[in-house]
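Data file: input20.pdb. Format and content: PDB, C-alpha atoms.
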MODEL        1
ATOM      1  CA  GLU A   1       0.000   0.000   0.000
ATOM      2  CA  LYS A   2       1.538   3.320  -1.038
ATOM      3  CA  ASN A   3       1.497   5.964   1.641
ATOM      4  CA  ASN A   4       0.065   8.766  -0.500
ATOM      5  CA  ASN A   5      -2.976   9.657   1.613
ATOM      6  CA  LYS A   6      -5.033   7.290  -0.513
ATOM      7  CA  THR A   7      -6.110   4.074   1.166
ATOM      8  CA  GLY A   8      -6.983   0.866  -0.614
ATOM      9  CA  HIS A   9      -4.334   1.261  -3.329
ATOM     10  CA  TRP A  10      -2.601  -2.113  -3.259
ATOM     11  CA  LYS A  11      -0.486  -4.175  -5.638
ATOM     12  CA  ILE A  12      -0.517  -7.976  -5.369
ATOM     13  CA  ALA A  13       2.417 -10.268  -6.117
ATOM     14  CA  HIS A  14       1.575 -13.974  -6.153
ATOM     15  CA  ALA A  15       4.634 -16.136  -5.516
ATOM     16  CA  HIS A  16       3.893 -19.641  -6.754
ATOM     17  CA  GLY A  17       5.791 -22.600  -8.204
ATOM     18  CA  PHE A  18       9.414 -22.116  -9.265
ATOM     19  CA  SER A  19       9.545 -18.646  -7.721
ATOM     20  CA  PHE A  20      11.036 -18.137  -4.244
ATOM     21  CA  PHE A  21      12.902 -21.047  -2.707
ATOM     22  CA  THR A  22      12.288 -19.550   0.709
ATOM     23  CA  ASN A  23      14.960 -21.493   2.584
ATOM     24  CA  SER A  24      17.708 -20.148   0.305
ATOM     25  CA  SER A  25      16.063 -16.926  -0.946
ATOM     26  CA  GLU A  26      15.818 -15.207   2.409
ATOM     27  CA  PRO A  27      18.182 -12.337   1.438
ATOM     28  CA  HIS A  28      15.917 -11.533  -1.518
ATOM     29  CA  LEU A  29      12.853 -11.461   0.735
ATOM     30  CA  LEU A  30      14.568  -9.056   3.112
ATOM     31  CA  LYS A  31      15.630  -6.765   0.251
ATOM     32  CA  TRP A  32      12.159  -6.887  -1.252
ATOM     33  CA  ARG A  33      10.520  -5.807   2.019
ATOM     34  CA  ASP A  34      13.136  -3.108   2.661
ATOM     35  CA  ARG A  35      12.720  -1.678  -0.829
ATOM     36  CA  ILE A  36       8.925  -1.546  -0.659
ATOM     37  CA  GLU A  37       8.826  -0.067   2.833
ATOM     38  CA  SER A  38      11.511   2.514   1.948
ATOM     39  CA  MET A  39       9.025   3.861  -0.625
ATOM     40  CA  GLY A  40       6.514   4.554   2.134
ATOM     41  CA  CYS A  41       4.444   1.468   1.357
ATOM     42  CA  ARG A  42       3.150  -1.343   3.531
ATOM     43  CA  PHE A  43       4.448  -4.804   2.694
ATOM     44  CA  VAL A  44       2.157  -7.655   3.788
ATOM     45  CA  VAL A  45       3.027 -11.303   3.203
ATOM     46  CA  ALA A  46       0.209 -13.791   3.743
ATOM     47  CA  THR A  47      -0.194 -17.552   3.537
ATOM     48  CA  MET A  48      -2.734 -20.170   4.515
ATOM     49  CA  LEU A  49      -1.869 -23.753   5.401
ATOM     50  CA  ARG A  50      -4.046 -26.847   5.692
ATOM     51  CA  ASP A  51      -4.171 -30.112   7.583
ATOM     52  CA  ALA A  52      -1.217 -32.183   6.344
ATOM     53  CA  VAL A  53      -3.176 -35.319   5.452
ATOM     54  CA  GLY A  54      -6.012 -33.344   3.891
ATOM     55  CA  HIS A  55      -3.571 -31.334   1.780
ATOM     56  CA  THR A  56      -1.863 -34.472   0.471
ATOM     57  CA  ILE A  57      -5.193 -36.070  -0.425
ATOM     58  CA  SER A  58      -6.293 -32.848  -2.110
ATOM     59  CA  GLN A  59      -3.121 -32.833  -4.186
ATOM     60  CA  TYR A  60      -3.748 -36.438  -5.185
ATOM     61  CA  LYS A  61      -6.747 -35.394  -7.287
ATOM     62  CA  THR A  62      -4.285 -34.023  -9.846
ATOM     63  CA  ASN A  63      -2.980 -37.574 -10.199
ATOM     64  CA  VAL A  64      -6.190 -38.787 -11.843
ATOM     65  CA  LYS A  65      -4.725 -38.358 -15.317
ATOM     66  CA  LEU A  66      -1.354 -39.795 -14.295
ATOM     67  CA  ASN A  67      -2.904 -43.076 -13.170
ATOM     68  CA  LEU A  68      -0.465 -43.645 -10.300
ATOM     69  CA  THR A  69      -1.232 -45.560  -7.146
ATOM     70  CA  LEU A  70      -1.209 -43.617  -3.878
ATOM     71  CA  ASP A  71       1.948 -45.515  -2.897
ATOM     72  CA  GLU A  72       3.660 -44.254  -6.049
ATOM     73  CA  TRP A  73       2.289 -40.754  -5.510
ATOM     74  CA  ILE A  74       3.868 -40.341  -2.068
ATOM     75  CA  SER A  75       6.928 -42.582  -2.557
ATOM     76  CA  HIS A  76       9.303 -39.587  -2.440
ATOM     77  CA  LEU A  77       8.259 -38.972   1.182
ATOM     78  CA  HIS A  78       9.979 -42.139   2.373
ATOM     79  CA  PRO A  79      12.801 -41.073   4.737
ATOM     80  CA  ASP A  80      15.397 -42.795   2.533
ATOM     81  CA  LYS A  81      14.414 -40.453  -0.321
ATOM     82  CA  TYR A  82      14.860 -37.278   1.708
ATOM     83  CA  ASN A  83      16.202 -35.242  -1.247
ATOM     84  CA  GLU A  84      14.078 -36.703  -4.043
ATOM     85  CA  LYS A  85      11.631 -34.348  -5.734
ATOM     86  CA  GLY A  86       8.177 -35.818  -6.062
ATOM     87  CA  ILE A  87       5.334 -35.125  -8.423
ATOM     88  CA  PHE A  88       3.895 -32.794  -5.782
ATOM     89  CA  ASN A  89       5.208 -30.853  -2.799
ATOM     90  CA  THR A  90       3.948 -31.237   0.713
ATOM     91  CA  GLN A  91       3.433 -27.920   2.508
ATOM     92  CA  ILE A  92       6.683 -27.906   4.468
ATOM     93  CA  ASP A  93       8.703 -28.794   1.370
ATOM     94  CA  TYR A  94       6.879 -26.156  -0.676
ATOM     95  CA  LEU A  95       7.515 -23.520   1.987
ATOM     96  CA  LEU A  96      11.201 -24.387   2.287
ATOM     97  CA  TYR A  97      12.218 -25.478  -1.207
ATOM     98  CA  ASN A  98       9.313 -24.674  -3.566
ATOM     99  CA  ARG A  99      10.016 -26.702  -6.736
ATOM    100  CA  GLY A 100      13.776 -26.281  -6.372
ATOM    101  CA  PRO A 101      16.247 -28.828  -4.976
ATOM    102  CA  ARG A 102      14.709 -30.681  -2.031
ATOM    103  CA  ASN A 103      16.516 -31.033   1.290
ATOM    104  CA  ARG A 104      20.062 -31.052  -0.089
ATOM    105  CA  PHE A 105      21.545 -30.885   3.422
ATOM    106  CA  ARG A 106      19.545 -33.850   4.748
ATOM    107  CA  ALA A 107      17.719 -31.930   7.464
ATOM    108  CA  ASN A 108      15.594 -34.143   9.693
ATOM    109  CA  ASN A 109      11.935 -33.360  10.277
ATOM    110  CA  GLU A 110      12.595 -31.409  13.488
ATOM    111  CA  GLU A 111      15.158 -29.217  11.722
ATOM    112  CA  LYS A 112      12.753 -28.641   8.844
ATOM    113  CA  ILE A 113       9.960 -27.647  11.244
ATOM    114  CA  ARG A 114      12.241 -25.269  13.132
ATOM    115  CA  ARG A 115      13.428 -23.625   9.914
ATOM    116  CA  ALA A 116       9.905 -23.372   8.485
ATOM    117  CA  MET A 117       8.612 -21.697  11.651
ATOM    118  CA  GLU A 118      11.591 -19.358  11.643
ATOM    119  CA  LEU A 119      10.790 -18.292   8.078
ATOM    120  CA  LEU A 120       7.095 -17.843   8.831
ATOM    121  CA  GLN A 121       7.751 -15.710  11.895
ATOM    122  CA  ARG A 122      10.453 -13.663  10.202
ATOM    123  CA  HIS A 123       8.788 -12.926   6.869
ATOM    124  CA  PHE A 124       5.034 -13.609   6.984
ATOM    125  CA  ASP A 125       2.598 -11.101   8.406
ATOM    126  CA  ILE A 126      -0.533 -13.258   8.107
ATOM    127  CA  VAL A 127      -0.449 -17.013   8.771
ATOM    128  CA  LEU A 128      -3.746 -18.883   8.983
ATOM    129  CA  LEU A 129      -4.972 -22.471   8.968
ATOM    130  CA  SER A 130      -7.860 -23.623   6.745
ATOM    131  CA  ASP A 131     -10.233 -20.752   7.487
ATOM    132  CA  TYR A 132     -10.989 -19.073   4.182
ATOM    133  CA  GLU A 133     -13.795 -16.896   5.523
ATOM    134  CA  ARG A 134     -11.590 -15.549   8.303
ATOM    135  CA  PHE A 135      -8.715 -15.053   5.867
ATOM    136  CA  THR A 136     -10.997 -13.041   3.571
ATOM    137  CA  LYS A 137     -12.254 -10.842   6.411
ATOM    138  CA  ILE A 138      -8.699 -10.101   7.582
ATOM    139  CA  VAL A 139      -7.467  -9.209   4.096
ATOM    140  CA  LEU A 140     -10.474  -6.950   3.477
ATOM    141  CA  LYS A 141      -9.952  -5.258   6.834
ATOM    142  CA  LEU A 142      -6.257  -4.657   6.146
ATOM    143  CA  THR A 143      -6.697  -3.389   2.599
ATOM    144  CA  GLY A 144      -9.975  -1.528   2.900
ATOM    145  CA  TRP A 145     -11.302  -3.408  -0.108
ATOM    146  CA  LYS A 146     -14.915  -4.406  -0.567
ATOM    147  CA  GLY A 147     -15.697  -8.094  -0.865
ATOM    148  CA  VAL A 148     -16.749  -9.522  -4.221
ATOM    149  CA  ASP A 149     -18.337 -12.850  -5.057
ATOM    150  CA  MET A 150     -15.960 -15.164  -6.886
ATOM    151  CA  ARG A 151     -16.646 -18.437  -8.614
ATOM    152  CA  HIS A 152     -14.987 -21.453  -7.058
ATOM    153  CA  HIS A 153     -12.312 -22.780  -9.393
ATOM    154  CA  ASN A 154      -9.699 -25.499  -8.971
ATOM    155  CA  SER A 155     -12.251 -27.957  -7.632
ATOM    156  CA  PHE A 156     -12.561 -31.679  -8.214
ATOM    157  CA  ASN A 157     -15.914 -33.407  -8.359
ATOM    158  CA  GLY A 158     -14.788 -36.972  -8.979
ATOM    159  CA  PRO A 159     -14.572 -39.755  -6.378
ATOM    160  CA  LEU A 160     -11.525 -40.078  -4.122
ATOM    161  CA  ASN A 161     -11.527 -43.454  -2.396
ATOM    162  CA  PHE A 162      -8.817 -44.521   0.041
ATOM    163  CA  THR A 163      -8.312 -47.556   2.220
ATOM    164  CA  GLU A 164      -7.502 -47.299   5.907
ATOM    165  CA  ARG A 165      -3.989 -48.542   5.106
ATOM    166  CA  GLU A 166      -3.493 -45.791   2.525
ATOM    167  CA  LEU A 167      -4.681 -43.035   4.849
ATOM    168  CA  ASP A 168      -2.448 -44.345   7.625
ATOM    169  CA  LYS A 169       0.519 -44.321   5.250
ATOM    170  CA  VAL A 170      -0.196 -40.718   4.243
ATOM    171  CA  ARG A 171      -0.340 -39.763   7.919
ATOM    172  CA  ARG A 172       2.920 -41.585   8.740
ATOM    173  CA  PHE A 173       4.824 -40.208   5.764
ATOM    174  CA  THR A 174       3.665 -36.611   6.263
ATOM    175  CA  GLU A 175       4.593 -36.933   9.933
ATOM    176  CA  LEU A 176       8.068 -38.273   9.089
ATOM    177  CA  ASN A 177       8.519 -35.476   6.552
ATOM    178  CA  GLY A 178       7.710 -32.788   9.132
ATOM    179  CA  ASP A 179       4.334 -31.663   7.777
ATOM    180  CA  VAL A 180       2.216 -32.846  10.703
ATOM    181  CA  GLY A 181       4.628 -31.205  13.154
ATOM    182  CA  LEU A 182       4.627 -27.960  11.191
ATOM    183  CA  ILE A 183       0.848 -27.701  11.236
ATOM    184  CA  ASP A 184       0.798 -28.483  14.963
ATOM    185  CA  ALA A 185       3.397 -25.758  15.610
ATOM    186  CA  VAL A 186       1.505 -23.228  13.491
ATOM    187  CA  ARG A 187      -1.724 -24.082  15.301
ATOM    188  CA  HIS A 188      -0.106 -23.334  18.669
ATOM    189  CA  VAL A 189       1.945 -20.260  17.710
ATOM    190  CA  TYR A 190      -0.683 -18.567  15.560
ATOM    191  CA  TYR A 191      -3.823 -19.402  17.559
ATOM    192  CA  GLY A 192      -5.981 -16.273  17.492
ATOM    193  CA  HIS A 193      -3.565 -14.597  15.067
ATOM    194  CA  MET A 194      -4.955 -11.280  13.742
ATOM    195  CA  ASP A 195      -8.174 -11.646  15.746
ATOM    196  CA  TYR A 196      -7.932  -8.005  16.811
ATOM    197  CA  LEU A 197      -8.897  -7.045  13.269
ATOM    198  CA  LEU A 198     -12.192  -8.909  13.606
ATOM    199  CA  GLU A 199     -13.364  -7.285  16.838
TER     200      GLU A 199
ENDMDL
END
Could you render the structure as structure tokens?
Amino acid sequence: EKNNNKTGHWKIAHAHGFSFFTNSSEPHLLKWRDRIESMGCRFVVATMLRDAVGHTISQYKTNVKLNLTLDEWISHLHPDKYNEKGIFNTQIDYLLYNRGPRNRFRANNEEKIRRAMELLQRHFDIVLLSDYERFTKIVLKLTGWKGVDMRHHNSFNGPLNFTERELDKVRRFTELNGDVGLIDAVRHVYYGHMDYLLE
């Protein structure tokens, strides 16, 4: 937001795949914030995370055309394949490495969680968990924008059937990879985050 006595004038930059490799791009993030704020503008970085198992299952819908088994889909999450890039990224891997090299220094899940939380606390102004309505209200409150109705895209209407064994494997692998621990840490650290804007 430019500080020119005119509120609601915002520019949006959407960092997605193959953009920032947050774990190794931290100097660029610091320079970006410093440059924007030196112009008299507000710099707000926001993200929303989801339940680790639910996120992995949601990503699996993109596998429909690939015709892979769930075991094949999550095979890169086996601890022995700590630096292997998979067809999809879990949330902790996406936050740390994006689609760049994965875990080159063989960090264990506790080290990955610690680093991910460090990056969130250092660079992200809004961190929420699976609450789209709350996220929308906070963004509108911060920006001064008016809400608009938007069609729901990126949805999947086909069946997704999993066995108990498959769901247990997703849970175990996302836990070993650090995703379950990350979501638990975010839930504790960011509980009630930004609630003052909703009062």
Might you pull out every residue within 12 Å of segment 140-152 of chain A, with all atoms listed in the file counted and same-chain residues fewer than 2 positions away left off, and present them as a compact mmCIF listing (two decimals) with C-alpha atoms, in the coordinates of the input?
# COMPACT_ATOMS: atom_id res chain seq x y z
CA GLU A 1 0.00 0.00 0.00
CA LYS A 2 1.54 3.32 -1.04
CA LYS A 6 -5.03 7.29 -0.51
CA THR A 7 -6.11 4.07 1.17
CA GLY A 8 -6.98 0.87 -0.61
CA HIS A 9 -4.33 1.26 -3.33
CA TRP A 10 -2.60 -2.11 -3.26
CA LYS A 11 -0.49 -4.18 -5.64
CA ILE A 12 -0.52 -7.98 -5.37
CA ARG A 42 3.15 -1.34 3.53
CA PHE A 43 4.45 -4.80 2.69
CA VAL A 44 2.16 -7.66 3.79
CA VAL A 45 3.03 -11.30 3.20
CA ALA A 46 0.21 -13.79 3.74
CA ASP A 125 2.60 -11.10 8.41
CA ILE A 126 -0.53 -13.26 8.11
CA GLU A 133 -13.80 -16.90 5.52
CA ARG A 134 -11.59 -15.55 8.30
CA PHE A 135 -8.72 -15.05 5.87
CA THR A 136 -11.00 -13.04 3.57
CA LYS A 137 -12.25 -10.84 6.41
CA ILE A 138 -8.70 -10.10 7.58
CA ASN A 154 -9.70 -25.50 -8.97
CA SER A 155 -12.25 -27.96 -7.63
CA PHE A 156 -12.56 -31.68 -8.21
CA MET A 194 -4.96 -11.28 13.74
CA ASP A 195 -8.17 -11.65 15.75
CA TYR A 196 -7.93 -8.01 16.81
CA LEU A 197 -8.90 -7.04 13.27
CA LEU A 198 -12.19 -8.91 13.61
CA GLU A 199 -13.36 -7.28 16.84
**OP:** Check the smallest atom-to-atom distance from each of A:Thr174, A:Cys41, A:Ser19, A:His193 to His76 of chain A using only C-alpha atoms, then report the winner.
**Re:**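 Distance minimum relative to His76 of chain A lands on A:Thr174.
Note that atom CA of Val170 of chain A and atom CA of Thr62 of chain A are 16.1 Å apart.
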**OP:** Give as JSON, numbers by chain the residues that the PyMOL selection byres ((chain A and resi 166) around 12) matches when applied to the coordinates above.
**Re:** {"A": [53, 56, 57, 69, 70, 71, 72, 73, 74, 160, 161, 162, 163, 164, 165, 167, 168, 169, 170, 171, 172, 173]}
Original post:
In Å to one decimal, how far is atom CA of Asn83 of chain A from atom CA of Arg50 of chain A?
Top reply: 23.0 Å
Could the residues of segment 70-104 of chain A that have an atom at most 10 Å from segment 111-123 of chain A be listed as a tab-separated table, each with its closest atom pair and the distance in Å to one decimal, counting all atoms listed in the file and ordered by chain and ascending residue number?
residue	atom	partner	partner_atom	distance
A:Gln91	CA	A:Ala116	CA	9.9
A:Ile92	CA	A:Ala116	CA	6.9
A:Asp93	CA	A:Lys112	CA	8.5
A:Leu95	CA	A:Ala116	CA	6.9
A:Leu96	CA	A:Ala116	CA	6.4
A:Asn103	CA	A:Lys112	CA	8.8
**OP:** Identify which of the residues A:Tyr97, A:Phe88, A:Tyr190, A:Phe124 lies closest to Ser24 of chain A, counting all atoms listed in the file when measuring atom-to-atom distances.
**Re:**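 The closest residue to Ser24 of chain A is A:Tyr97.
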**OP:** List, as a VMD selection string, every residue that the PyMOL selection byres ((chain A and resi 181) around 10) selects in the file provided.
**Re:** chain A and resid 52 92 109 to 110 112 to 114 174 to 180 182 to 187
Original post:
Which residue gives the smallest distance to Gly100 of chain A among A:Glu37, A:Leu66, A:Leu128, A:Gly86, with all atoms listed in the file counted?
Top reply: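 That would be A:Gly86, the residue with the smallest distance to Gly100 of chain A.
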**OP:** Measuring atom to atom with only C-alpha atoms, identify which of A:Asn98, A:Asn108, A:Ser58, A:Asn89 is nearest to Ser25 of chain A.
**Re:**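 Nearest candidate to Ser25 of chain A out of A:Asn98, A:Asn108, A:Ser58, A:Asn89: A:Asn98.
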Subject >> Atom-to-atom span, atom CA of Ser38 of chain A and atom CA of Glu26 of chain A, Å >> reply: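 A separation of 18.2 Å between them.
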Please report, as lines of an AutoDock Vina configuration file, the centre and edge lengths in Å to one decimal of an axis-aligned box covering all listed atoms of segment 44-61 of chain A with 4 Å per side.
center_x = -1.9
center_y = -22.0
center_z = 0.1
size_x = 17.8
size_y = 36.8
size_z = 22.9
**OP:** Please identify all polymer residues within 8 Å of Ser130 of chain A, counting all atoms listed in the file, omitting same-chain residues fewer than 3 positions from it, and present them as a PyMOL selection string.
**Re:** chain A and resi 48-51
**OP:** Rank nothing, just name the residue among A:Met39, A:Leu29, A:Ile87, A:Ala13 nearest to Ser75 of chain A, using all atoms listed in the file.
**Re:** A:Ile87
Please output segment 98-109 of chain A, rebuilt to include all heavy atoms, as a PDB file, keeping the file's coordinate frame.
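Okay, out.pdb is ready:
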ATOM      1  N   ASN A  98      10.137 -24.891  -2.391  1.00  0.00           N
ATOM      2  CA  ASN A  98       9.313 -24.674  -3.566  1.00  0.00           C
ATOM      3  C   ASN A  98       9.546 -25.853  -4.515  1.00  0.00           C
ATOM      4  O   ASN A  98       9.564 -26.988  -4.082  1.00  0.00           O
ATOM      5  CB  ASN A  98       9.642 -23.323  -4.193  1.00  0.00           C
ATOM      6  CG  ASN A  98       8.534 -22.781  -5.075  1.00  0.00           C
ATOM      7  OD1 ASN A  98       8.237 -23.345  -6.114  1.00  0.00           O
ATOM      8  ND2 ASN A  98       7.929 -21.684  -4.659  1.00  0.00           N
ATOM      9  N   ARG A  99       9.742 -25.611  -5.808  1.00  0.00           N
ATOM     10  CA  ARG A  99      10.016 -26.702  -6.736  1.00  0.00           C
ATOM     11  C   ARG A  99      11.510 -26.803  -7.058  1.00  0.00           C
ATOM     12  O   ARG A  99      11.915 -27.395  -8.054  1.00  0.00           O
ATOM     13  CB  ARG A  99       9.211 -26.533  -8.022  1.00  0.00           C
ATOM     14  CG  ARG A  99       7.723 -26.739  -7.856  1.00  0.00           C
ATOM     15  CD  ARG A  99       7.378 -28.112  -7.329  1.00  0.00           C
ATOM     16  NE  ARG A  99       7.651 -29.163  -8.308  1.00  0.00           N
ATOM     17  CZ  ARG A  99       7.643 -30.475  -8.022  1.00  0.00           C
ATOM     18  NH1 ARG A  99       7.413 -30.880  -6.775  1.00  0.00           N
ATOM     19  NH2 ARG A  99       7.873 -31.360  -8.952  1.00  0.00           N
ATOM     20  N   GLY A 100      12.335 -26.183  -6.193  1.00  0.00           N
ATOM     21  CA  GLY A 100      13.776 -26.281  -6.372  1.00  0.00           C
ATOM     22  C   GLY A 100      14.317 -27.553  -5.745  1.00  0.00           C
ATOM     23  O   GLY A 100      13.553 -28.454  -5.386  1.00  0.00           O
ATOM     24  N   PRO A 101      15.638 -27.643  -5.598  1.00  0.00           N
ATOM     25  CA  PRO A 101      16.247 -28.828  -4.976  1.00  0.00           C
ATOM     26  C   PRO A 101      15.666 -29.077  -3.587  1.00  0.00           C
ATOM     27  O   PRO A 101      15.502 -28.151  -2.799  1.00  0.00           O
ATOM     28  CB  PRO A 101      17.734 -28.466  -4.902  1.00  0.00           C
ATOM     29  CG  PRO A 101      17.918 -27.453  -5.988  1.00  0.00           C
ATOM     30  CD  PRO A 101      16.636 -26.664  -6.034  1.00  0.00           C
ATOM     31  N   ARG A 102      15.377 -30.324  -3.286  1.00  0.00           N
ATOM     32  CA  ARG A 102      14.709 -30.681  -2.031  1.00  0.00           C
ATOM     33  C   ARG A 102      15.704 -31.224  -1.014  1.00  0.00           C
ATOM     34  O   ARG A 102      16.370 -32.229  -1.251  1.00  0.00           O
ATOM     35  CB  ARG A 102      13.618 -31.717  -2.309  1.00  0.00           C
ATOM     36  CG  ARG A 102      12.889 -32.230  -1.071  1.00  0.00           C
ATOM     37  CD  ARG A 102      11.762 -33.182  -1.438  1.00  0.00           C
ATOM     38  NE  ARG A 102      11.100 -33.702  -0.270  1.00  0.00           N
ATOM     39  CZ  ARG A 102      11.185 -34.980   0.144  1.00  0.00           C
ATOM     40  NH1 ARG A 102      11.880 -35.846  -0.557  1.00  0.00           N
ATOM     41  NH2 ARG A 102      10.554 -35.370   1.237  1.00  0.00           N
ATOM     42  N   ASN A 103      15.796 -30.543   0.114  1.00  0.00           N
ATOM     43  CA  ASN A 103      16.516 -31.033   1.290  1.00  0.00           C
ATOM     44  C   ASN A 103      17.928 -31.514   0.959  1.00  0.00           C
ATOM     45  O   ASN A 103      18.327 -32.620   1.321  1.00  0.00           O
ATOM     46  CB  ASN A 103      15.717 -32.157   1.959  1.00  0.00           C
ATOM     47  CG  ASN A 103      16.129 -32.362   3.402  1.00  0.00           C
ATOM     48  OD1 ASN A 103      16.920 -31.600   3.962  1.00  0.00           O
ATOM     49  ND2 ASN A 103      15.605 -33.411   4.013  1.00  0.00           N
ATOM     50  N   ARG A 104      18.703 -30.669   0.310  1.00  0.00           N
ATOM     51  CA  ARG A 104      20.062 -31.052  -0.089  1.00  0.00           C
ATOM     52  C   ARG A 104      20.967 -31.345   1.101  1.00  0.00           C
ATOM     53  O   ARG A 104      21.945 -32.083   0.973  1.00  0.00           O
ATOM     54  CB  ARG A 104      20.691 -29.948  -0.940  1.00  0.00           C
ATOM     55  CG  ARG A 104      20.095 -29.823  -2.321  1.00  0.00           C
ATOM     56  CD  ARG A 104      20.793 -28.752  -3.122  1.00  0.00           C
ATOM     57  NE  ARG A 104      20.599 -27.433  -2.544  1.00  0.00           N
ATOM     58  CZ  ARG A 104      21.123 -26.315  -3.048  1.00  0.00           C
ATOM     59  NH1 ARG A 104      21.874 -26.381  -4.120  1.00  0.00           N
ATOM     60  NH2 ARG A 104      20.893 -25.152  -2.487  1.00  0.00           N
ATOM     61  N   PHE A 105      20.665 -30.737   2.263  1.00  0.00           N
ATOM     62  CA  PHE A 105      21.545 -30.885   3.422  1.00  0.00           C
ATOM     63  C   PHE A 105      21.027 -31.931   4.413  1.00  0.00           C
ATOM     64  O   PHE A 105      21.489 -32.009   5.544  1.00  0.00           O
ATOM     65  CB  PHE A 105      21.729 -29.532   4.112  1.00  0.00           C
ATOM     66  CG  PHE A 105      22.265 -28.478   3.190  1.00  0.00           C
ATOM     67  CD1 PHE A 105      21.454 -27.460   2.722  1.00  0.00           C
ATOM     68  CD2 PHE A 105      23.584 -28.538   2.738  1.00  0.00           C
ATOM     69  CE1 PHE A 105      21.941 -26.502   1.853  1.00  0.00           C
ATOM     70  CE2 PHE A 105      24.082 -27.585   1.872  1.00  0.00           C
ATOM     71  CZ  PHE A 105      23.264 -26.561   1.419  1.00  0.00           C
ATOM     72  N   ARG A 106      20.067 -32.717   3.973  1.00  0.00           N
ATOM     73  CA  ARG A 106      19.545 -33.850   4.748  1.00  0.00           C
ATOM     74  C   ARG A 106      19.063 -33.427   6.139  1.00  0.00           C
ATOM     75  O   ARG A 106      19.377 -34.067   7.156  1.00  0.00           O
ATOM     76  CB  ARG A 106      20.597 -34.958   4.860  1.00  0.00           C
ATOM     77  CG  ARG A 106      19.989 -36.294   5.215  1.00  0.00           C
ATOM     78  CD  ARG A 106      20.957 -37.436   5.065  1.00  0.00           C
ATOM     79  NE  ARG A 106      20.282 -38.703   5.277  1.00  0.00           N
ATOM     80  CZ  ARG A 106      20.828 -39.887   5.035  1.00  0.00           C
ATOM     81  NH1 ARG A 106      22.063 -39.964   4.575  1.00  0.00           N
ATOM     82  NH2 ARG A 106      20.143 -40.987   5.243  1.00  0.00           N
ATOM     83  N   ALA A 107      18.308 -32.363   6.197  1.00  0.00           N
ATOM     84  CA  ALA A 107      17.719 -31.930   7.464  1.00  0.00           C
ATOM     85  C   ALA A 107      16.670 -32.947   7.905  1.00  0.00           C
ATOM     86  O   ALA A 107      15.916 -33.466   7.082  1.00  0.00           O
ATOM     87  CB  ALA A 107      17.072 -30.557   7.302  1.00  0.00           C
ATOM     88  N   ASN A 108      16.640 -33.245   9.205  1.00  0.00           N
ATOM     89  CA  ASN A 108      15.594 -34.143   9.693  1.00  0.00           C
ATOM     90  C   ASN A 108      14.302 -33.351   9.874  1.00  0.00           C
ATOM     91  O   ASN A 108      14.271 -32.133   9.699  1.00  0.00           O
ATOM     92  CB  ASN A 108      16.026 -34.848  10.988  1.00  0.00           C
ATOM     93  CG  ASN A 108      16.292 -33.872  12.126  1.00  0.00           C
ATOM     94  OD1 ASN A 108      15.618 -32.859  12.272  1.00  0.00           O
ATOM     95  ND2 ASN A 108      17.291 -34.179  12.950  1.00  0.00           N
ATOM     96  N   ASN A 109      13.225 -34.047  10.235  1.00  0.00           N
ATOM     97  CA  ASN A 109      11.935 -33.360  10.277  1.00  0.00           C
ATOM     98  C   ASN A 109      11.901 -32.257  11.340  1.00  0.00           C
ATOM     99  O   ASN A 109      11.272 -31.212  11.134  1.00  0.00           O
ATOM    100  CB  ASN A 109      10.786 -34.355  10.462  1.00  0.00           C
ATOM    101  CG  ASN A 109      10.853 -35.122  11.756  1.00  0.00           C
ATOM    102  OD1 ASN A 109      11.841 -35.050  12.484  1.00  0.00           O
ATOM    103  ND2 ASN A 109       9.818 -35.880  12.054  1.00  0.00           N
TER     104      ASN A 109
END
